[in-house]
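For reference, the structure is listed below as structure tokens.
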Amino acid sequence: MNMDFVAGAIGEALSLRSFIGIGGGVLLGYIIGVIPGLNRSVAIAIAIPLTFYMSPFIAISFLIGLSKGTAAGSAVSAILLNAPGEASSAATCLDGYPLARQGRPKTALKVGLFASVMGDILATTILIFVAIPFARVALMFGPYEMAAILAFALVFIAGLSSGSLFKGLAAGGLGIFLGTIGLDAQTGLPRMTFGYTELMDGMPLIAVAIGTLALSEMFVQSERLRYERDSMSVKLDNSDKDKLSWKEFRRTIPSILRGTGVGTVVGALPGLGPSVGSFMSYGMAKKASKTPERFGQGAPEGIAASESADNAVIPAALIPLFGLGIPGNVSAALLVGAFAIHGITVGPLLLRDEPELLYSIFAGMIVASLIMLVLGWFGLRIFAQITRVPPHIVIPIVIFFCLAGIMLQGYGPFGLIILVAFALLGFVMKRYDYSFVTFLVAFIITPMLELNLRQSIILSRGDPMVLMNRPIAVFFIVCTIIALFMLAWRTVKKGKPVAGGDPAA
């Protein structure tokens with residue numbers, strides 16, 4: 001680890017403009033997180049166009065801070081309303097809301113805050129020490145290895161991100177098809193552009209992402225325009241029993257450490273999503289408890305397990321992104337678009353070409369975690385009031401930002417058409433439980449997969465025996481074939497979902 005880069009990164013992260021950018025991201029994330037129905041993916045998709053005029057470091061740190069703040073803020077509505085800001089906080093409702101109804105809402109919120117911050121900082125530390133060696137190894141990979149790894153990632157995500165293997169493969173296939181639109185990387189000939197010059201560079205990633213995630217979610221929320229807040233909301237007061245003691249918090253530490261480990265592993269595996277991590281951590285905490293009957297009745301350990309895992313997933317999902325260029329979840333996939341706006345190629349080349357930026361992002365992530373602790377501690381009452389904002393006010397504002405974001409990017413009327421088209425596609429996919437996670441990740445990595453696959457064919461001159469000298473590529477090809485057979489067999493045998501993926505990750 002180059003100490004000059006580290007010192008420069010720390011100085012950059014501690015500058016005033018960095019504090020404003022990172023702190024603004026965390027604050028905005030908290031506000032969005034406490035509003036039921038708005039999740040971190042929607043927030044990032046809307047905010048990406050706003051980073052166009054920022055420096056690369058401030059832009060990426062702002063978006064990561066936004067993601068962290070949204071994950072932490074989601075626990076507020078889960079605890080006070082029993083309506084999680086996003087699906088990954090659903091496990092927090094199981095004990096957070098009962099504890100709040102017992103007259104201890106501030107205790108529940110503080111446990112959730114501390115667990116979020118600790119899980120986030122520990123997972124960020126793991127990211128720093130794992131991503132760089134991982135990227136150095138990945139730099140030695142050739143087109144054979146990268147093509148095999150990307151193919152395996154597609155199958156892996158398709159199998160785990162959807163209730164049905166076939167729906168996952170269908171969503172992934174659509175993403176691959178749309179990802180090939182544009183100029184052929186080898187011949188320079190246009191493919192499926194239908195004479196539109198706007199499609200020469202392919203489908204605009206920002207319009208696709210905002211339409212599929214943010215605008216389609218507003219369509220979904222418009223259908224459910226009902227929140228029973230008056231009967232469900234829990235108010236904060238100054239009750240003497242509503243205090244978190246050190247003894248009580250100490251009992252949650254094993255759950256936090258366990259949840260951080262679970263969230264880190266789940267986040268590093270592409271396609272699983274934060275909901276899998278939070279529920280898996282909650283189940284493990286309940287099994288490890290000497291009094292499992294307390295879970296579901298207001299156990300602080302349950303809140304700690306869920307929130308630590310949920311927040312650990314965010315930095316852990318960046319491990320495959322920085323190491324291989326493969327996003328671990330939708331939030332990480334959207335960061336690819338943010339990097340692209342600033343002309344930066346994400347993946348192992350980032351360590352070689354932009355080491356100062358990479359170290360600065362790591363330092364900014366630690367700063368974001370500390371800002372999240374301060375904002376959460378002093379803003380509990382303020383953020384609690386945001387849960388009362390009615391959805392009929394929120395939805396039009398979000399739709400306006402979606403449309404304005406596309407216009408700010410300079411896509412014009414054509415970009416708005418793409419936006420609306422993919423919003424309708426996303427709405428249909430969510431309605432019929434097709435994995436838009438698989439679709440979006442497949443759309444993003446298809447150009448890289450195609451390029452490496454075609455380079456492999458050219459270098460090998462069509463001779464598959466060349467792979468005998470490429471054990472890593474052979475290993476991932478075999479894993480891909482085995483994964484396909486196993487997932488297909490389980491689908492046919494059980495006749496029900498293959499795995500508990502995260503459709504809203």
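Following the order of the structure tokens, chains are lettered A, B, ..., residues in each are numbered from 1, and ligands are numbered from 1.
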
### Query
Hey, what's within 10 Å of Ile314 of chain A if we count only C-alpha atoms and toss same-chain stuff fewer than 4 positions away? As number ranges by chain, please?
A: 64, 67-68, 71, 119-120, 123-124, 263-264, 267-268, 273-274, 309-310, 318-319, 328-329, 331-332

### Query
Could you write out, as a ChimeraX atom specification, all the residues of segment 277-503 of chain A that DSSP marks as alpha helix (DSSP H)?
/A:277-288,300-316,318-324,330-341,349-353,355-378,380-386,391-408,412-431,436-460,471-494

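Pairwise distance (atom CA of Ile458 of chain A, atom CA of Glu145 of chain A) equals 14.5 Å.
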
### Summary
Across A:Ala483, A:Leu350, A:Leu122, A:Leu358, the smallest distance to Val262 of chain A, with only C-alpha atoms counted, is shown by A:Leu122

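Nearest residue to Tyr196 of chain A among A:Ser306, A:Phe414, A:Pro320, A:Ile406 is A:Phe414, counting only C-alpha atoms.
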
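Comparing A:Cys479, A:Val428, A:Leu451, A:Leu357 by their smallest distance to Gly8 of chain A, the closest is A:Leu357 (using only C-alpha atoms).
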
### Message
Which residues are close to Met372 of chain A, i.e. within 7 Å by only C-alpha atoms, leaving aside same-chain residues fewer than 4 positions away? Reply as an MDAnalysis selection string.
### Response
chainID A and resid 26 69 368 376

If we count only C-alpha atoms, what is near segment 176-187 of chain A at a cut-off of 6 Å, once residues fewer than 4 positions away on the same chain are taken out, given as a compact mmCIF listing (two decimals) with N, CA and C atoms, in the first residue's frame?
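Below is the file selection_20.txt, written as the result:
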```txt
# COMPACT_ATOMS: atom_id res chain seq x y z
N ARG A 191 -25.46 -1.80 -35.02
CA ARG A 191 -26.30 -2.97 -34.77
C ARG A 191 -27.61 -2.53 -34.12
N MET A 192 -28.71 -2.85 -34.76
CA MET A 192 -30.05 -2.61 -34.21
C MET A 192 -30.27 -1.16 -33.79
N LEU A 199 -28.53 6.04 -30.88
CA LEU A 199 -28.26 4.69 -30.40
C LEU A 199 -26.90 4.17 -30.83
N MET A 200 -26.09 5.00 -31.48
CA MET A 200 -24.78 4.55 -31.94
C MET A 200 -23.89 4.14 -30.76
N ASP A 201 -24.04 4.82 -29.65
CA ASP A 201 -23.26 4.49 -28.45
C ASP A 201 -24.00 3.50 -27.55
N GLY A 202 -25.10 2.94 -28.04
CA GLY A 202 -25.88 2.00 -27.25
C GLY A 202 -26.98 2.69 -26.46
N ALA A 442 -26.91 -7.61 -16.29
CA ALA A 442 -26.59 -8.20 -17.61
C ALA A 442 -26.41 -7.10 -18.66
N PHE A 443 -27.25 -6.09 -18.61
CA PHE A 443 -27.14 -4.98 -19.55
C PHE A 443 -25.81 -4.26 -19.40
N THR A 446 -22.62 -6.77 -20.40
CA THR A 446 -22.62 -7.40 -21.73
C THR A 446 -21.54 -6.85 -22.65
```

Run DSSP on the backbone of this structure and report the residues of segment 163-370 of chain A it assigns to strand (DSSP E or B), as a PDB file with C-alpha atoms, in the first residue's frame.
```pdb
ATOM      1  CA  GLY A 182     -24.846   0.238 -30.861  1.00  0.00           C
ATOM      2  CA  LEU A 183     -21.630   0.137 -32.863  1.00  0.00           C
ATOM      3  CA  PRO A 190     -24.143  -0.263 -36.332  1.00  0.00           C
ATOM      4  CA  ARG A 191     -26.303  -2.971 -34.773  1.00  0.00           C
TER       5      ARG A 191
END
```

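Atom CA of Arg17 of chain A to atom CA of Cys402 of chain A spans 26.0 Å [interatomic distance, one decimal].
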
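Proximity to Lys243 of chain A was assessed for A:Gly96, A:Pro105, A:Gly412, A:Gly25 counting only C-alpha atoms; the smallest distance is recorded for A:Pro105.
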
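Of the residues under consideration (A:Gly23, A:Val76, A:Leu154, A:Ile31), A:Val76 shows the shortest atom-to-atom contact distance to Lys106 of chain A when counting only C-alpha atoms.
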
#### Entry: Nearby residues (only C-alpha atoms) at most 12 Å from Val441 of chain A, same-chain spacing under 6 positions excluded, as a ChimeraX atom specification
/A:150-151,153-158,161,168,171-176,178-179,205,208-209,212,270-271,321,325-337,435,447-449,505

### Task
Determine, counting only C-alpha atoms, which protein, DNA and RNA residues have an atom within 8 Å of an atom of Ile395 of chain A; residues of the same chain fewer than 5 positions away are not included. Present the result as a ChimeraX atom specification.
/A:218,221-222

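Proximity ranking of A:Ala108, A:Met468, A:Met407, A:Ala148 relative to Pro300 of chain A places A:Ala108 first, based on only C-alpha atoms.
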